[in-house]
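my_file.csv (CSV, C-alpha atoms) appears below.
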```csv
chain,number,residue,atom,x,y,z
A,1,MET,CA,137.4,98.7,83.9
A,2,ARG,CA,133.7,99.2,84.7
A,3,ARG,CA,132.9,99.9,81.1
A,4,ILE,CA,134.8,96.8,79.9
A,5,LYS,CA,132.8,94.7,82.4
A,6,TYR,CA,129.6,96.3,81.3
A,7,ARG,CA,130.3,95.6,77.6
A,8,LEU,CA,131.0,92.0,78.4
A,9,ALA,CA,127.8,91.7,80.4
A,10,ASP,CA,125.9,93.4,77.6
A,11,THR,CA,127.2,90.9,75.1
A,12,ALA,CA,126.3,88.0,77.5
A,13,GLY,CA,122.8,89.5,78.0
A,14,TYR,CA,122.3,89.8,74.3
A,15,VAL,CA,123.2,86.1,73.8
A,16,LEU,CA,121.0,85.0,76.8
A,17,GLY,CA,118.1,87.2,75.6
A,18,PHE,CA,118.4,86.4,71.9
A,19,PRO,CA,115.0,85.4,70.4
A,20,GLY,CA,114.7,81.6,70.7
A,21,SER,CA,117.1,81.3,73.6
A,22,VAL,CA,114.4,82.4,76.2
A,23,ARG,CA,110.7,81.9,76.3
A,24,GLN,CA,108.4,84.8,75.6
A,25,PRO,CA,108.1,86.6,79.0
A,26,ARG,CA,104.8,85.9,80.8
A,27,GLY,CA,103.7,88.0,83.7
A,28,VAL,CA,104.8,91.6,84.5
A,29,ARG,CA,108.3,92.8,84.2
A,30,VAL,CA,108.8,95.6,86.7
A,31,LEU,CA,111.4,98.1,85.7
A,32,MET,CA,113.3,100.2,88.1
A,33,PHE,CA,114.5,103.8,87.4
A,34,HIS,CA,115.9,106.5,89.5
A,35,GLY,CA,116.7,110.1,88.3
A,36,VAL,CA,116.1,111.7,84.9
A,37,ASP,CA,118.3,114.8,84.4
A,38,ASP,CA,118.8,115.1,88.2
A,39,ASP,CA,121.9,115.5,90.3
A,40,VAL,CA,121.3,112.1,91.8
A,41,ASP,CA,122.9,111.4,95.2
A,42,ALA,CA,124.0,108.0,93.8
A,43,ASP,CA,126.1,106.7,91.0
A,44,HIS,CA,125.4,109.1,88.0
A,45,GLU,CA,126.7,106.6,85.4
A,46,LEU,CA,124.1,104.1,86.5
A,47,TYR,CA,121.2,106.1,87.9
A,48,ASN,CA,121.0,109.5,86.2
A,49,HIS,CA,119.3,109.2,82.8
A,50,SER,CA,119.5,112.0,80.4
A,51,ILE,CA,116.0,113.2,79.2
A,52,ASP,CA,116.7,112.0,75.7
A,53,ARG,CA,118.0,108.6,76.8
A,54,PHE,CA,115.0,108.0,79.1
A,55,CYS,CA,112.4,109.0,76.4
A,56,SER,CA,114.2,106.8,73.9
A,57,HIS,CA,114.0,103.9,76.3
A,58,ILE,CA,110.3,104.3,76.9
A,59,LEU,CA,109.5,104.6,73.2
A,60,ALA,CA,111.6,101.5,72.5
A,61,VAL,CA,109.7,99.6,75.2
A,62,SER,CA,106.4,100.9,73.9
A,63,GLU,CA,107.2,99.5,70.4
A,64,TRP,CA,108.3,96.2,71.9
A,65,LEU,CA,105.0,95.9,73.8
A,66,SER,CA,103.0,96.7,70.8
A,67,ASP,CA,104.8,94.1,68.7
A,68,HIS,CA,104.1,91.5,71.4
A,69,GLY,CA,100.5,92.3,72.2
A,70,GLN,CA,101.3,93.6,75.6
A,71,THR,CA,100.9,96.9,77.4
A,72,PHE,CA,102.2,99.1,80.3
A,73,VAL,CA,100.5,98.1,83.5
A,74,ALA,CA,100.1,99.5,87.0
A,75,LEU,CA,102.0,97.9,89.9
A,76,HIS,CA,98.8,96.5,91.3
A,77,ASP,CA,97.6,94.9,88.0
A,78,THR,CA,98.9,91.4,87.5
A,79,SER,CA,95.9,90.3,85.5
A,80,THR,CA,97.8,90.7,82.2
A,81,ASN,CA,101.3,90.5,80.8
A,82,GLY,CA,103.2,93.7,80.4
A,83,ILE,CA,105.7,96.2,81.8
A,84,CYS,CA,105.4,98.2,85.0
A,85,LEU,CA,107.5,101.4,85.5
A,86,THR,CA,108.8,102.2,89.0
A,87,PHE,CA,111.0,105.1,90.2
A,88,ASP,CA,112.9,105.0,93.5
A,89,ASP,CA,114.1,107.9,95.7
A,90,GLY,CA,111.4,110.4,94.7
A,91,TYR,CA,113.5,112.7,92.5
A,92,ALA,CA,112.0,116.0,91.4
A,93,SER,CA,112.2,115.0,87.8
A,94,ILE,CA,109.2,112.8,88.4
A,95,ALA,CA,107.1,116.0,88.5
A,96,ARG,CA,109.2,118.1,86.1
A,97,THR,CA,110.0,115.6,83.3
A,98,VAL,CA,109.0,112.0,83.8
A,99,GLY,CA,105.4,112.6,84.8
A,100,PRO,CA,104.3,114.8,82.0
A,101,PHE,CA,106.0,112.6,79.4
A,102,LEU,CA,104.3,109.4,80.6
A,103,ILE,CA,100.9,110.9,81.5
A,104,ASP,CA,100.6,112.5,78.0
A,105,ARG,CA,101.1,109.0,76.6
A,106,GLY,CA,98.7,107.3,79.0
A,107,ILE,CA,101.5,105.2,80.6
A,108,PRO,CA,101.0,104.3,84.3
A,109,PHE,CA,103.9,104.5,86.7
A,110,HIS,CA,104.7,104.1,90.4
A,111,VAL,CA,106.9,106.4,92.5
A,112,PHE,CA,108.5,105.2,95.8
A,113,VAL,CA,109.1,108.2,98.1
A,114,PRO,CA,111.5,108.5,101.1
A,115,VAL,CA,109.4,111.0,103.0
A,116,GLU,CA,112.1,112.7,105.0
A,117,LEU,CA,114.0,113.8,101.9
A,118,CYS,CA,110.9,115.7,100.7
A,119,ASP,CA,111.6,118.3,103.5
A,120,MET,CA,115.3,119.0,102.5
A,121,GLN,CA,114.2,121.9,100.2
A,122,SER,CA,117.2,121.2,97.9
A,123,GLY,CA,115.1,120.9,94.8
A,124,LEU,CA,116.6,117.5,94.2
A,125,HIS,CA,113.7,115.5,95.6
A,126,LEU,CA,109.9,115.9,95.2
A,127,SER,CA,108.4,118.4,97.6
A,128,ARG,CA,105.3,117.6,99.6
A,129,ALA,CA,103.3,119.9,97.2
A,130,GLN,CA,104.6,118.0,94.2
A,131,ILE,CA,103.7,114.6,95.8
A,132,ARG,CA,100.2,116.0,96.5
A,133,ASP,CA,99.8,117.0,92.9
A,134,LEU,CA,101.0,113.7,91.6
A,135,ALA,CA,98.5,111.9,93.8
A,136,THR,CA,95.7,113.6,91.9
A,137,GLU,CA,96.8,111.8,88.7
A,138,PRO,CA,95.0,108.4,88.2
A,139,LEU,CA,98.0,107.0,86.3
A,140,VAL,CA,100.4,107.6,89.2
A,141,GLY,CA,100.9,105.2,92.0
A,142,ILE,CA,102.7,106.3,95.1
A,143,GLY,CA,104.4,104.2,97.7
A,144,SER,CA,106.9,104.4,100.5
A,145,HIS,CA,110.7,104.1,100.2
A,146,GLY,CA,111.2,104.1,103.9
A,147,TYR,CA,111.0,107.3,106.0
A,148,SER,CA,114.7,108.4,106.0
A,149,HIS,CA,116.0,106.2,103.2
A,150,VAL,CA,118.2,103.8,105.2
A,151,PRO,CA,118.8,100.1,104.7
A,152,LEU,CA,116.1,98.2,106.6
A,153,ALA,CA,117.8,94.9,107.2
A,154,GLY,CA,119.6,94.9,110.6
A,155,LEU,CA,117.7,97.8,112.1
A,156,ALA,CA,116.5,97.5,115.6
A,157,ALA,CA,112.8,96.5,115.8
A,158,THR,CA,111.7,99.9,117.0
A,159,LYS,CA,113.6,101.8,114.4
A,160,LEU,CA,112.4,99.5,111.6
A,161,ARG,CA,108.8,100.0,112.8
A,162,HIS,CA,109.3,103.8,112.8
A,163,GLU,CA,110.7,103.7,109.2
A,164,LEU,CA,107.7,101.9,108.0
A,165,THR,CA,104.8,103.2,109.9
A,166,ARG,CA,105.8,106.9,109.9
A,167,SER,CA,106.5,106.9,106.1
A,168,ARG,CA,103.1,105.2,105.5
A,169,SER,CA,101.1,107.5,107.8
A,170,GLU,CA,102.7,110.7,106.4
A,171,LEU,CA,102.2,109.7,102.8
A,172,GLU,CA,98.5,108.8,103.5
A,173,GLU,CA,98.0,112.2,105.1
A,174,LEU,CA,99.7,114.0,102.3
A,175,THR,CA,98.1,112.2,99.4
A,176,GLY,CA,94.7,111.3,100.8
A,177,ARG,CA,95.3,107.8,99.5
A,178,GLU,CA,95.7,104.5,101.3
A,179,ILE,CA,99.4,103.6,100.9
A,180,THR,CA,100.0,99.9,100.7
A,181,SER,CA,103.1,99.6,98.6
A,182,MET,CA,106.8,100.2,99.2
A,183,SER,CA,110.3,99.4,97.8
A,184,TYR,CA,113.2,98.4,100.0
A,185,PRO,CA,115.8,101.2,100.2
A,186,PHE,CA,119.1,99.9,98.8
A,187,GLY,CA,117.4,96.6,98.2
A,188,SER,CA,117.9,95.8,101.8
A,189,PHE,CA,115.5,93.2,103.3
A,190,GLY,CA,115.1,89.8,104.8
A,191,ASP,CA,112.5,87.7,106.6
A,192,GLU,CA,112.3,90.0,109.6
A,193,VAL,CA,111.9,93.0,107.4
A,194,CYS,CA,109.2,91.4,105.3
A,195,HIS,CA,107.3,90.5,108.5
A,196,ALA,CA,107.6,94.1,109.8
A,197,VAL,CA,106.4,95.3,106.4
A,198,ARG,CA,103.3,93.2,106.5
A,199,GLU,CA,102.6,94.2,110.1
A,200,ALA,CA,102.9,97.9,109.1
A,201,GLY,CA,100.0,97.4,106.6
A,202,PHE,CA,101.9,97.1,103.3
A,203,THR,CA,100.7,94.5,100.9
A,204,ARG,CA,103.3,94.9,98.1
A,205,ALA,CA,107.0,95.5,98.4
A,206,ALA,CA,109.5,95.8,95.6
A,207,THR,CA,113.0,94.4,95.7
A,208,SER,CA,116.1,95.1,93.5
A,209,GLN,CA,116.3,91.5,92.4
A,210,PRO,CA,115.4,90.7,88.8
A,211,GLY,CA,112.6,88.4,87.6
A,212,ILE,CA,109.0,88.3,86.6
A,213,LEU,CA,106.0,89.2,88.7
A,214,ASP,CA,103.2,86.6,88.3
A,215,SER,CA,100.6,84.8,90.3
A,216,ALA,CA,103.3,82.7,92.1
A,217,THR,CA,105.3,85.8,93.3
A,218,ASP,CA,105.5,86.6,97.0
A,219,LEU,CA,104.1,90.2,96.8
A,220,LEU,CA,106.5,91.3,99.6
A,221,ARG,CA,109.4,90.3,97.4
A,222,ILE,CA,108.4,91.7,94.0
A,223,PRO,CA,111.3,91.4,91.5
A,224,ARG,CA,112.4,94.4,89.5
A,225,THR,CA,114.9,94.9,86.7
A,226,ASP,CA,117.3,97.8,87.0
A,227,ILE,CA,117.5,100.1,83.9
A,228,TRP,CA,120.7,102.0,83.8
A,229,ALA,CA,121.6,105.4,82.2
A,230,MET,CA,124.3,103.7,80.1
A,231,ASP,CA,121.9,101.1,78.7
A,232,SER,CA,121.1,101.2,74.9
A,233,ASN,CA,117.6,100.5,73.7
A,234,ARG,CA,118.8,97.0,72.7
A,235,THR,CA,120.0,96.4,76.2
A,236,VAL,CA,116.7,97.5,77.7
A,237,ILE,CA,114.8,95.0,75.5
A,238,ASN,CA,117.3,92.3,76.4
A,239,LYS,CA,116.7,93.0,80.0
A,240,ILE,CA,112.9,92.8,79.5
A,241,ARG,CA,113.3,89.4,77.7
A,242,GLY,CA,115.3,88.1,80.7
A,243,GLY,CA,118.7,88.1,79.2
A,244,TRP,CA,120.2,89.9,82.2
A,245,ASP,CA,118.4,88.1,85.0
A,246,LEU,CA,121.4,86.0,85.8
A,247,LEU,CA,123.8,89.0,85.5
A,248,LEU,CA,122.1,91.6,87.7
```
Could you show the structure in this file as structure tokens?
Amino acid sequence: MRRIKYRLADTAGYVLGFPGSVRQPRGVRVLMFHGVDDDVDADHELYNHSIDRFCSHILAVSEWLSDHGQTFVALHDTSTNGICLTFDDGYASIARTVGPFLIDRGIPFHVFVPVELCDMQSGLHLSRAQIRDLATEPLVGIGSHGYSHVPLAGLAATKLRHELTRSRSELEELTGREITSMSYPFGSFGDEVCHAVREAGFTRAATSQPGILDSATDLLRIPRTDIWAMDSNRTVINKIRGGWDLLL
């Protein structure tokens, strides 16, 4: 049933994103990925890309950007139109597969790390040493994904503050960088969470809601477009064009 629903949504997304049915996107489309060839602790069908599928997606996006006079941009760069790549959950494939592929092509990307998972020593998530190495790469941005990867909305104030401040301080100590960005675990946030995020010193926070990042965007509610393992290249381009914004 899921695949039937997906095919219907894919058809609707194609119609909504068909050239001429939407305006040329202006601003930054922030894409959200998770694992690439990992044993992700989430829905494999959605969130675990094969290496071949991931590379194919990136090359298709690169071609689309070239055709439209745009480029890949860092999360903190909203001065031009383009595509920003982000990765949630801090999977080890960032160091093993994703990083080398993107860095070799001069493509910037941003990794959101739940710090506590780095100490599990399962090999599934980035280790502290791998995070430290990534932080030496100019093309790699690093942000928090909470400390223990729990939904933030509804947490008691003290627990919420701990999730935010501890993750930020440990990442700063680990990377030697100022950490000012984060993404909301499970897309869970609200007004109280945004206020706590600002109080903790973060200036940018990414959601799981689709849309375009531009000069009018609340930077603590940055929209992102989810890219799934089952997506075809055509589907990814339709998502970039906004055809799926009403469906996600």
Show me as an NGL selection string the residues that reach within 12 Å of (113.1, 119.2, 79.7), counting all atoms listed in the file and using the file's own coordinates. :A and (36-38 or 50-52 or 54-55 or 93-101)
Go ahead and find all residues with at least one atom no further than 7 Å from (119.1, 99.5, 104.3) in the file's coordinates, using all atoms listed in the file; report them as a PyMOL selection string. chain A and resi 150-153+185-188
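Nearest residue to Arg166 (chain A), choosing from A:Ala200, A:Leu220, A:Leu248, A:Ile131 and counting all atoms listed in the file: A:Ala200.
Nearest to Thr86 (chain A) of all the residues A:Thr225, A:Ser215, A:Ser169, A:Ser148 is A:Thr225, based on all atoms listed in the file.
Between CA of Pro223 (chain A) and CA of Val111 (chain A) there is a distance of 15.7 Å.
Among the candidates A:Cys84, A:Leu65, A:Met32, A:Tyr147, the residue lying nearest to Asp119 (chain A) is A:Tyr147 (atoms considered: all atoms listed in the file).
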What's the 7 Å shell around Pro114 (chain A), counting all atoms listed in the file, without same-chain residues fewer than 2 positions away, as a PyMOL selection string? chain A and resi 89-90+112+116-117+144-149
